[in-house]
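Q: What follows is the file query.txt, containing compact mmCIF, C-alpha atoms and all ligand atoms:
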```txt
# COMPACT_ATOMS: atom_id res chain seq x y z
CA MET A 1 -11.39 25.90 19.45
CA PRO A 2 -12.43 27.16 16.00
CA GLN A 3 -16.04 26.68 15.00
CA TYR A 4 -16.62 24.65 11.83
CA LEU A 5 -19.72 24.66 9.64
CA PHE A 6 -19.92 20.88 10.07
CA ASN A 7 -17.87 18.34 11.94
CA PRO A 8 -14.52 17.72 10.22
CA PRO A 9 -13.54 14.09 9.67
CA PRO A 10 -11.80 12.44 12.61
CA VAL A 11 -8.03 12.02 12.55
CA ALA A 12 -7.18 8.81 10.71
CA ALA A 13 -5.12 6.57 12.98
CA LEU A 14 -4.03 2.98 13.43
CA PRO A 15 -3.23 1.02 16.58
CA ILE A 16 0.41 0.43 17.45
CA ARG A 17 1.33 -3.04 18.66
CA GLY A 18 2.20 -2.95 22.35
CA GLU A 19 1.35 0.73 22.79
CA ALA A 20 -1.71 2.53 24.12
CA THR A 21 -1.15 5.46 21.76
CA LEU A 22 -2.36 5.51 18.16
CA PHE A 23 -0.32 6.14 15.01
CA PRO A 24 -1.91 9.16 13.27
CA VAL A 25 -1.86 8.60 9.52
CA ASN A 26 -0.93 11.49 7.24
CA ARG A 27 -0.76 10.28 3.60
CA LEU A 28 -1.05 7.00 1.69
CA PHE A 29 1.56 6.35 -1.01
CA PHE A 30 1.60 3.25 -3.21
CA VAL A 31 4.45 1.93 -5.36
CA GLY A 32 3.33 0.53 -8.71
CA ARG A 33 4.84 -2.61 -10.32
CA ASN A 34 7.48 -3.42 -7.73
CA TYR A 35 7.66 -7.21 -8.08
CA HIS A 36 8.80 -8.46 -11.48
CA ALA A 37 6.36 -11.38 -11.70
CA HIS A 38 3.42 -9.06 -10.95
CA ALA A 39 4.58 -6.53 -13.55
CA VAL A 40 4.68 -9.38 -16.06
CA GLU A 41 1.19 -10.62 -15.14
CA MET A 42 -0.04 -7.05 -15.75
CA GLY A 43 1.64 -7.12 -19.16
CA LYS A 44 4.10 -4.37 -18.25
CA PRO A 45 7.51 -5.83 -17.38
CA VAL A 46 9.94 -3.45 -15.67
CA ASP A 47 13.50 -2.71 -16.82
CA LYS A 48 15.11 -1.20 -13.73
CA SER A 49 18.16 -0.11 -15.74
CA VAL A 50 16.09 2.49 -17.61
CA GLU A 51 13.05 3.10 -15.38
CA ARG A 52 12.36 4.80 -12.08
CA PRO A 53 9.66 3.64 -9.71
CA PHE A 54 6.24 5.25 -10.04
CA TYR A 55 3.59 5.97 -7.45
CA PHE A 56 -0.03 6.73 -6.93
CA THR A 57 -1.75 8.06 -3.85
CA LYS A 58 -5.07 7.34 -2.21
CA SER A 59 -7.02 9.78 -0.11
CA ILE A 60 -6.76 9.34 3.63
CA GLY A 61 -10.49 8.60 3.84
CA THR A 62 -9.93 5.26 2.10
CA LEU A 63 -7.95 3.92 5.08
CA THR A 64 -9.70 0.93 6.67
CA PRO A 65 -8.49 -1.11 9.63
CA SER A 66 -7.65 -4.77 9.31
CA GLY A 67 -10.53 -7.03 10.27
CA ALA A 68 -13.18 -4.84 8.65
CA THR A 69 -16.11 -6.09 6.62
CA VAL A 70 -16.66 -3.83 3.61
CA PRO A 71 -19.26 -3.91 0.84
CA TYR A 72 -18.27 -4.86 -2.69
CA PRO A 73 -17.69 -1.41 -4.26
CA SER A 74 -19.77 0.26 -6.94
CA GLU A 75 -18.95 0.46 -10.66
CA THR A 76 -16.68 -2.59 -10.89
CA ALA A 77 -17.07 -6.22 -11.87
CA ASN A 78 -13.44 -7.10 -11.16
CA TYR A 79 -12.47 -6.04 -7.63
CA HIS A 80 -8.94 -7.28 -6.86
CA PHE A 81 -6.77 -7.86 -3.81
CA GLU A 82 -3.11 -6.78 -3.71
CA MET A 83 -1.15 -7.87 -0.63
CA GLU A 84 1.59 -5.43 0.38
CA LEU A 85 4.22 -4.66 3.00
CA VAL A 86 3.64 -1.14 4.36
CA VAL A 87 6.38 1.19 5.63
CA ALA A 88 5.33 3.57 8.42
CA ILE A 89 7.30 6.82 8.36
CA GLY A 90 8.06 8.30 11.79
CA ARG A 91 10.31 11.23 10.98
CA ALA A 92 10.32 13.91 8.29
CA GLY A 93 12.79 13.76 5.41
CA PHE A 94 13.38 15.30 1.99
CA ARG A 95 15.92 14.13 -0.63
CA VAL A 96 16.99 11.34 1.69
CA ALA A 97 19.95 9.23 0.56
CA ALA A 98 19.27 5.50 0.41
CA ALA A 99 21.97 4.95 3.02
CA ASP A 100 20.06 7.21 5.45
CA ALA A 101 16.56 5.88 4.68
CA HIS A 102 16.36 3.86 7.91
CA GLU A 103 16.36 7.10 9.92
CA LEU A 104 12.80 7.84 8.72
CA ILE A 105 11.33 4.44 9.55
CA TYR A 106 9.11 4.01 12.59
CA GLY A 107 7.82 0.56 11.75
CA TYR A 108 5.85 -1.62 9.39
CA ALA A 109 2.37 -2.93 8.74
CA THR A 110 0.64 -5.31 6.38
CA GLY A 111 -1.85 -3.90 3.93
CA LEU A 112 -4.24 -4.52 1.08
CA ASP A 113 -4.27 -2.20 -1.94
CA MET A 114 -7.78 -3.01 -3.15
CA THR A 115 -8.27 -2.22 -6.83
CA ARG A 116 -11.09 -1.90 -9.37
CA ARG A 117 -8.94 -3.78 -11.91
CA ASP A 118 -11.34 -3.25 -14.79
CA LEU A 119 -11.31 0.53 -14.35
CA GLN A 120 -7.59 0.68 -13.59
CA LEU A 121 -6.70 -1.11 -16.84
CA VAL A 122 -9.04 1.07 -18.93
CA ALA A 123 -7.47 4.16 -17.39
CA ARG A 124 -3.95 2.82 -17.89
CA ASP A 125 -4.52 1.92 -21.52
CA LYS A 126 -6.26 5.23 -22.33
CA GLY A 127 -3.59 7.26 -20.54
CA ARG A 128 -6.05 8.49 -17.92
CA PRO A 129 -5.50 8.89 -14.16
CA TRP A 130 -5.92 5.77 -12.02
CA ASP A 131 -8.10 7.35 -9.34
CA LEU A 132 -11.34 5.50 -10.07
CA GLY A 133 -9.46 2.23 -10.20
CA LYS A 134 -7.45 2.78 -7.05
CA ASP A 135 -8.83 5.54 -4.80
CA ILE A 136 -11.71 3.44 -3.55
CA GLU A 137 -13.71 4.07 -0.40
CA GLN A 138 -12.59 1.51 2.22
CA GLY A 139 -9.98 0.30 -0.28
CA SER A 140 -6.74 0.91 1.68
CA VAL A 141 -6.69 -1.76 4.35
CA CYS A 142 -3.96 -1.64 6.98
CA SER A 143 -3.01 -3.67 10.03
CA GLU A 144 -1.73 -2.35 13.31
CA ILE A 145 1.65 -0.62 13.09
CA VAL A 146 4.53 -2.75 14.35
CA PRO A 147 7.29 -0.59 15.84
CA MET A 148 10.64 -1.49 14.26
CA PRO A 149 12.47 1.83 14.49
CA PHE A 150 15.32 2.41 12.04
CA THR A 151 14.93 -1.12 10.67
CA VAL A 152 15.05 -1.87 6.95
CA ILE A 153 13.23 -5.08 6.06
CA GLU A 154 15.09 -6.85 3.26
CA ARG A 155 13.41 -10.26 3.19
CA GLY A 156 10.50 -12.27 4.52
CA ALA A 157 7.66 -14.30 3.08
CA ILE A 158 4.64 -12.33 1.86
CA GLU A 159 1.44 -14.20 1.14
CA LEU A 160 -2.31 -13.87 0.84
CA ALA A 161 -5.09 -16.45 1.07
CA VAL A 162 -8.73 -16.15 0.05
CA ASN A 163 -11.05 -18.40 2.09
CA GLY A 164 -7.98 -20.32 3.24
CA GLN A 165 -6.61 -20.94 -0.26
CA THR A 166 -3.23 -19.35 -1.00
CA LYS A 167 -3.31 -16.92 -3.94
CA GLN A 168 -0.17 -14.82 -3.52
CA GLN A 169 3.14 -16.16 -2.26
CA SER A 170 6.48 -14.42 -2.66
CA ASP A 171 9.26 -12.81 -0.65
CA VAL A 172 10.03 -9.19 0.12
CA ASP A 173 13.55 -9.85 -1.20
CA LYS A 174 11.98 -9.77 -4.69
CA LEU A 175 11.10 -6.06 -4.50
CA ILE A 176 12.45 -4.41 -7.67
CA TRP A 177 13.11 -1.18 -5.76
CA ASP A 178 13.88 -2.04 -2.17
CA ILE A 179 12.80 0.02 0.82
CA ARG A 180 15.94 2.16 0.90
CA GLU A 181 15.57 2.94 -2.80
CA ILE A 182 11.86 3.75 -2.45
CA VAL A 183 12.43 6.18 0.43
CA GLU A 184 15.25 7.84 -1.52
CA ASP A 185 13.20 8.18 -4.71
CA LEU A 186 9.83 9.14 -3.18
CA SER A 187 11.51 11.73 -0.93
CA ARG A 188 12.70 13.57 -4.05
CA PHE A 189 9.07 14.35 -4.89
CA TYR A 190 7.56 14.76 -1.43
CA HIS A 191 8.71 16.06 1.91
CA LEU A 192 8.00 12.81 3.72
CA GLN A 193 6.29 13.35 7.06
CA ALA A 194 5.72 11.37 10.21
CA GLY A 195 2.49 9.47 9.65
CA ASP A 196 3.01 8.78 5.95
CA LEU A 197 2.44 5.17 4.92
CA ILE A 198 4.16 3.66 1.88
CA TYR A 199 2.57 0.53 0.40
CA THR A 200 5.56 -1.07 -1.29
CA GLY A 201 3.85 -3.02 -4.09
CA THR A 202 2.26 -6.40 -4.60
CA PRO A 203 3.66 -9.74 -5.75
CA GLU A 204 2.08 -11.89 -8.45
CA GLY A 205 -1.15 -13.80 -8.03
CA VAL A 206 -3.57 -10.89 -7.73
CA GLY A 207 -7.17 -11.79 -8.42
CA PRO A 208 -10.84 -10.99 -7.97
CA VAL A 209 -12.99 -11.22 -4.87
CA VAL A 210 -16.72 -11.83 -4.50
CA SER A 211 -19.16 -11.13 -1.72
CA GLY A 212 -18.54 -13.43 1.22
CA ASP A 213 -14.81 -13.82 0.61
CA ARG A 214 -12.44 -13.56 3.55
CA LEU A 215 -8.92 -12.33 2.74
CA GLU A 216 -6.05 -13.05 5.09
CA GLY A 217 -2.52 -11.88 4.33
CA ARG A 218 0.73 -11.92 6.21
CA VAL A 219 4.33 -10.79 6.00
CA GLU A 220 6.86 -12.86 7.89
CA GLY A 221 8.22 -10.93 10.85
CA VAL A 222 5.53 -8.24 10.67
CA GLY A 223 2.03 -9.65 11.02
CA SER A 224 -1.26 -10.26 9.31
CA VAL A 225 -4.09 -8.32 7.74
CA SER A 226 -7.63 -9.44 7.00
CA LEU A 227 -10.71 -8.22 5.16
CA THR A 228 -14.18 -9.63 4.56
CA ILE A 229 -16.21 -8.69 1.48
CA ALA A 230 -19.93 -8.07 2.04
CA PRO A 231 -22.64 -7.72 -0.61
CA ALA A 232 -22.72 -4.48 -2.55
CA ALA A 233 -24.39 -1.79 -0.48
MN MN B 1 -0.54 -2.11 -5.23
```
Take the structure in this file and express it as C-alpha cells.
Ligand code: MN

A:
Amino acid sequence: MPQYLFNPPPVAALPIRGEATLFPVNRLFFVGRNYHAHAVEMGKPVDKSVERPFYFTKSIGTLTPSGATVPYPSETANYHFEMELVVAIGRAGFRVAAADAHELIYGYATGLDMTRRDLQLVARDKGRPWDLGKDIEQGSVCSEIVPMPFTVIERGAIELAVNGQTKQQSDVDKLIWDIREIVEDLSRFYHLQAGDLIYTGTPEGVGPVVSGDRLEGRVEGVGSVSLTIAPAA
C-alpha cells in the first residue's frame, strides 16, 4: 500500500438494488436543456435541427445518497430542484453509435441536479462557466442503482413533489435527445467508463426550496429519490 500525506477521499459508491455489492461512481455528467418545456421556462428554447446537446459536469465529491438531509448551501438565495432520470454506465465505450448505446448501460437511477439558479443564470448571461451554479457540495443526489442491463428507457412518468405537492410532472418520452442519442453524442467527447452517471435533464416546473422542505421524486419503472433541506450551516 502506498503511503499518502493524508487520507484520500473514500471511493464514491451507490447501493445496487438487490445486490450486496456497491456501484463505484466514476464521473457525473449532466445534459442541459433536454425537455422542451424546461428550455422554454429558462428562456432558451432548443431547435434540435440546428443544435447538439450540451453538458456540464460536477465533481464526484458532490454525490449525495437519496434520503440525505443537507444544509441550504452558501452564496445563493434561489436554490432549485431539478428532477432527472440517471443512466448508469457499466461498460466502456468511445464513439458509440446510437444503435449500440444499449451495450454500455448497466442500469438507471433517479437523481436531483440541485442548482444555485441565481448564480447559474448570471454565469449563463455573462458567458461564464456554470461551476458555482451547478457544482455544489452535496448537490448531486442519486438513488440506488437499479440494474436494467442493456435496456434503453424510452418512456415513463417523471415527477417531483415538494412537501407532498407536485411541482414537476412529465414523461421521459419528452426528452429532446433520447438516451441512445445522448450516449452517442457524449461518447464523442469522452471515453465513457463503467461507473459514469449521466443525468439526462429535467422537465419543466423547477423551483426554489427553503429550509425544512422535503423533496420526493420518482421515475416510473425505476424508483424514487428524496432529499431534505436543513438550515444553512
Ligand atoms: Mn439538470

Q: Could you tell me, counting all atoms listed in the file, which protein and nucleic acid residues lie no more than 8 Å from ligand MN 1 (chain B), written as a PDB file with C-alpha atoms, in the frame of the given file?

A:
```
ATOM      1  CA  PHE A  30       1.600   3.250  -3.210  1.00  0.00           C
ATOM      2  CA  VAL A  31       4.450   1.930  -5.360  1.00  0.00           C
ATOM      3  CA  GLY A  32       3.330   0.530  -8.710  1.00  0.00           C
ATOM      4  CA  ARG A  33       4.840  -2.610 -10.320  1.00  0.00           C
ATOM      5  CA  GLU A  82      -3.110  -6.780  -3.710  1.00  0.00           C
ATOM      6  CA  MET A  83      -1.150  -7.870  -0.630  1.00  0.00           C
ATOM      7  CA  GLU A  84       1.590  -5.430   0.380  1.00  0.00           C
ATOM      8  CA  LEU A 112      -4.240  -4.520   1.080  1.00  0.00           C
ATOM      9  CA  ASP A 113      -4.270  -2.200  -1.940  1.00  0.00           C
ATOM     10  CA  MET A 114      -7.780  -3.010  -3.150  1.00  0.00           C
ATOM     11  CA  THR A 115      -8.270  -2.220  -6.830  1.00  0.00           C
ATOM     12  CA  TYR A 199       2.570   0.530   0.400  1.00  0.00           C
ATOM     13  CA  THR A 200       5.560  -1.070  -1.290  1.00  0.00           C
ATOM     14  CA  GLY A 201       3.850  -3.020  -4.090  1.00  0.00           C
ATOM     15  CA  THR A 202       2.260  -6.400  -4.600  1.00  0.00           C
TER      16      THR A 202
END
```

Q: Fewer than 6 positions away in the same chain doesn't count, so skip those; otherwise give me all residues within 9 Å of Tyr190 (chain A), counting only C-alpha atoms, as a PDB file with C-alpha atoms, keeping the file's coordinate frame.

A:
```pdb
ATOM      1  CA  GLY A  93      12.790  13.760   5.410  1.00  0.00           C
ATOM      2  CA  PHE A  94      13.380  15.300   1.990  1.00  0.00           C
ATOM      3  CA  ARG A  95      15.920  14.130  -0.630  1.00  0.00           C
TER       4      ARG A  95
END
```

Q: Between CA of Lys58 (chain A) and CA of Glu137 (chain A), what distance in Å does the model show, to one decimal?

A: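 Straight-line distance from CA of Lys58 (chain A) to CA of Glu137 (chain A) works out to 9.4 Å.
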
Q: For region 14-76 of chain A against region 138-153 of chain A, with a cut-off of 7 Å and counting all atoms listed in the file, what is the closest atom pair and its distance in Å to one decimal for every residue that makes the cut, ordered by chain and number, as a tab-separated table?

A:
```
residue	atom	partner	partner_atom	distance
A:Leu14	CA	A:Glu144	CA	5.8
A:Pro15	CA	A:Glu144	CA	4.9
A:Ile16	CA	A:Ile145	CA	4.7
A:Arg17	CA	A:Val146	CA	5.4
A:Thr62	CA	A:Gln138	CA	4.6
A:Leu63	CA	A:Ser140	CA	4.7
A:Thr64	CA	A:Val141	CA	4.7
A:Pro65	CA	A:Cys142	CA	5.3
A:Ser66	CA	A:Ser143	CA	4.8
A:Val70	CA	A:Gln138	CA	6.9
```

Q: Just checking: using all atoms listed in the file, which residue out of A:Lys167, A:Ala97, A:Val40, A:Lys48 ends up closest to Glu184 (chain A)?

A: A:Ala97

Q: I'd like the neighbourhood of Leu119 (chain A) as an mmCIF file with C-alpha atoms, in the frame of the given file, where a residue qualifies if any of its atoms comes within 10 Å (using only C-alpha atoms), though same-chain residues fewer than 2 positions away should be ignored.

A:
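Listed below is the output, result_9.cif:
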```
data_model
loop_
_atom_site.group_PDB
_atom_site.id
_atom_site.type_symbol
_atom_site.label_atom_id
_atom_site.label_comp_id
_atom_site.auth_asym_id
_atom_site.auth_seq_id
_atom_site.Cartn_x
_atom_site.Cartn_y
_atom_site.Cartn_z
ATOM 1 C CA GLU A 75 -18.950 0.460 -10.660
ATOM 2 C CA THR A 76 -16.680 -2.590 -10.890
ATOM 3 C CA ALA A 77 -17.070 -6.220 -11.870
ATOM 4 C CA ASN A 78 -13.440 -7.100 -11.160
ATOM 5 C CA TYR A 79 -12.470 -6.040 -7.630
ATOM 6 C CA THR A 115 -8.270 -2.220 -6.830
ATOM 7 C CA ARG A 116 -11.090 -1.900 -9.370
ATOM 8 C CA ARG A 117 -8.940 -3.780 -11.910
ATOM 9 C CA LEU A 121 -6.700 -1.110 -16.840
ATOM 10 C CA VAL A 122 -9.040 1.070 -18.930
ATOM 11 C CA ALA A 123 -7.470 4.160 -17.390
ATOM 12 C CA ARG A 124 -3.950 2.820 -17.890
ATOM 13 C CA ASP A 125 -4.520 1.920 -21.520
ATOM 14 C CA TRP A 130 -5.920 5.770 -12.020
ATOM 15 C CA ASP A 131 -8.100 7.350 -9.340
ATOM 16 C CA LEU A 132 -11.340 5.500 -10.070
ATOM 17 C CA GLY A 133 -9.460 2.230 -10.200
ATOM 18 C CA LYS A 134 -7.450 2.780 -7.050
#
```

Q: Please report the interatomic distance between CA of Val206 (chain A) and CA of Phe189 (chain A) in Å with one decimal.

A: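 Between these atoms lies a distance of 28.4 Å.
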
Q: Have a look at CA of Pro24 (chain A) and CA of Tyr106 (chain A) and let me know their distance in Å, one decimal.

A: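 Distance between the two atoms: 12.2 Å.
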
Q: Could you check which of A:Ser49, A:Gln193, A:Asn34, A:Thr166 is closest to Gly90 (chain A), using all atoms listed in the file?

A: A:Gln193

Q: Which residues are close to Leu215 (chain A), i.e. within 7 Å by all atoms listed in the file, leaving aside same-chain residues fewer than 5 positions away? Reply as an NGL selection string.

A: :A and (161-163 or 226-228)

Q: Point out the residue among A:Ala233, A:Ala194, A:Met42, A:Leu160 with the least atom-to-atom distance to Leu104 (chain A), counting all atoms listed in the file.

A: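 Comparing A:Ala233, A:Ala194, A:Met42, A:Leu160 against Leu104 (chain A), the winner is A:Ala194.
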
Q: Of the candidates A:Arg27, A:His102, A:Arg218, A:Lys126, which one gets nearest to Glu181 (chain A) if we count all atoms listed in the file?

A: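 Comparing A:Arg27, A:His102, A:Arg218, A:Lys126 against Glu181 (chain A), the winner is A:His102.
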
Q: Could you check which of A:Ala230, A:Val46, A:Val225, A:Ile60 is closest to Val25 (chain A), using all atoms listed in the file?

A: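 Among A:Ala230, A:Val46, A:Val225, A:Ile60, it is A:Ile60 that comes nearest to Val25 (chain A).
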
Q: Rank nothing, just name the residue among A:Pro10, A:Gly195, A:Gly67, A:Pro73 nearest to Phe29 (chain A), using all atoms listed in the file.

A: A:Gly195

Q: Which residues of region 114-202 of chain A come within 8 Å of region 50-57 of chain A, and what is each one's closest atom pair and distance in Å (one decimal), counting all atoms listed in the file, sorted by chain and residue number, as CSV?

A:
```
residue,atom,partner,partner_atom,distance
A:Trp130,CA,A:Phe56,CA,7.8
A:Asp135,CA,A:Thr57,CA,7.6
A:Trp177,CA,A:Pro53,CA,7.1
A:Ile182,CA,A:Pro53,CA,7.6
A:Asp185,CA,A:Pro53,CA,7.6
```
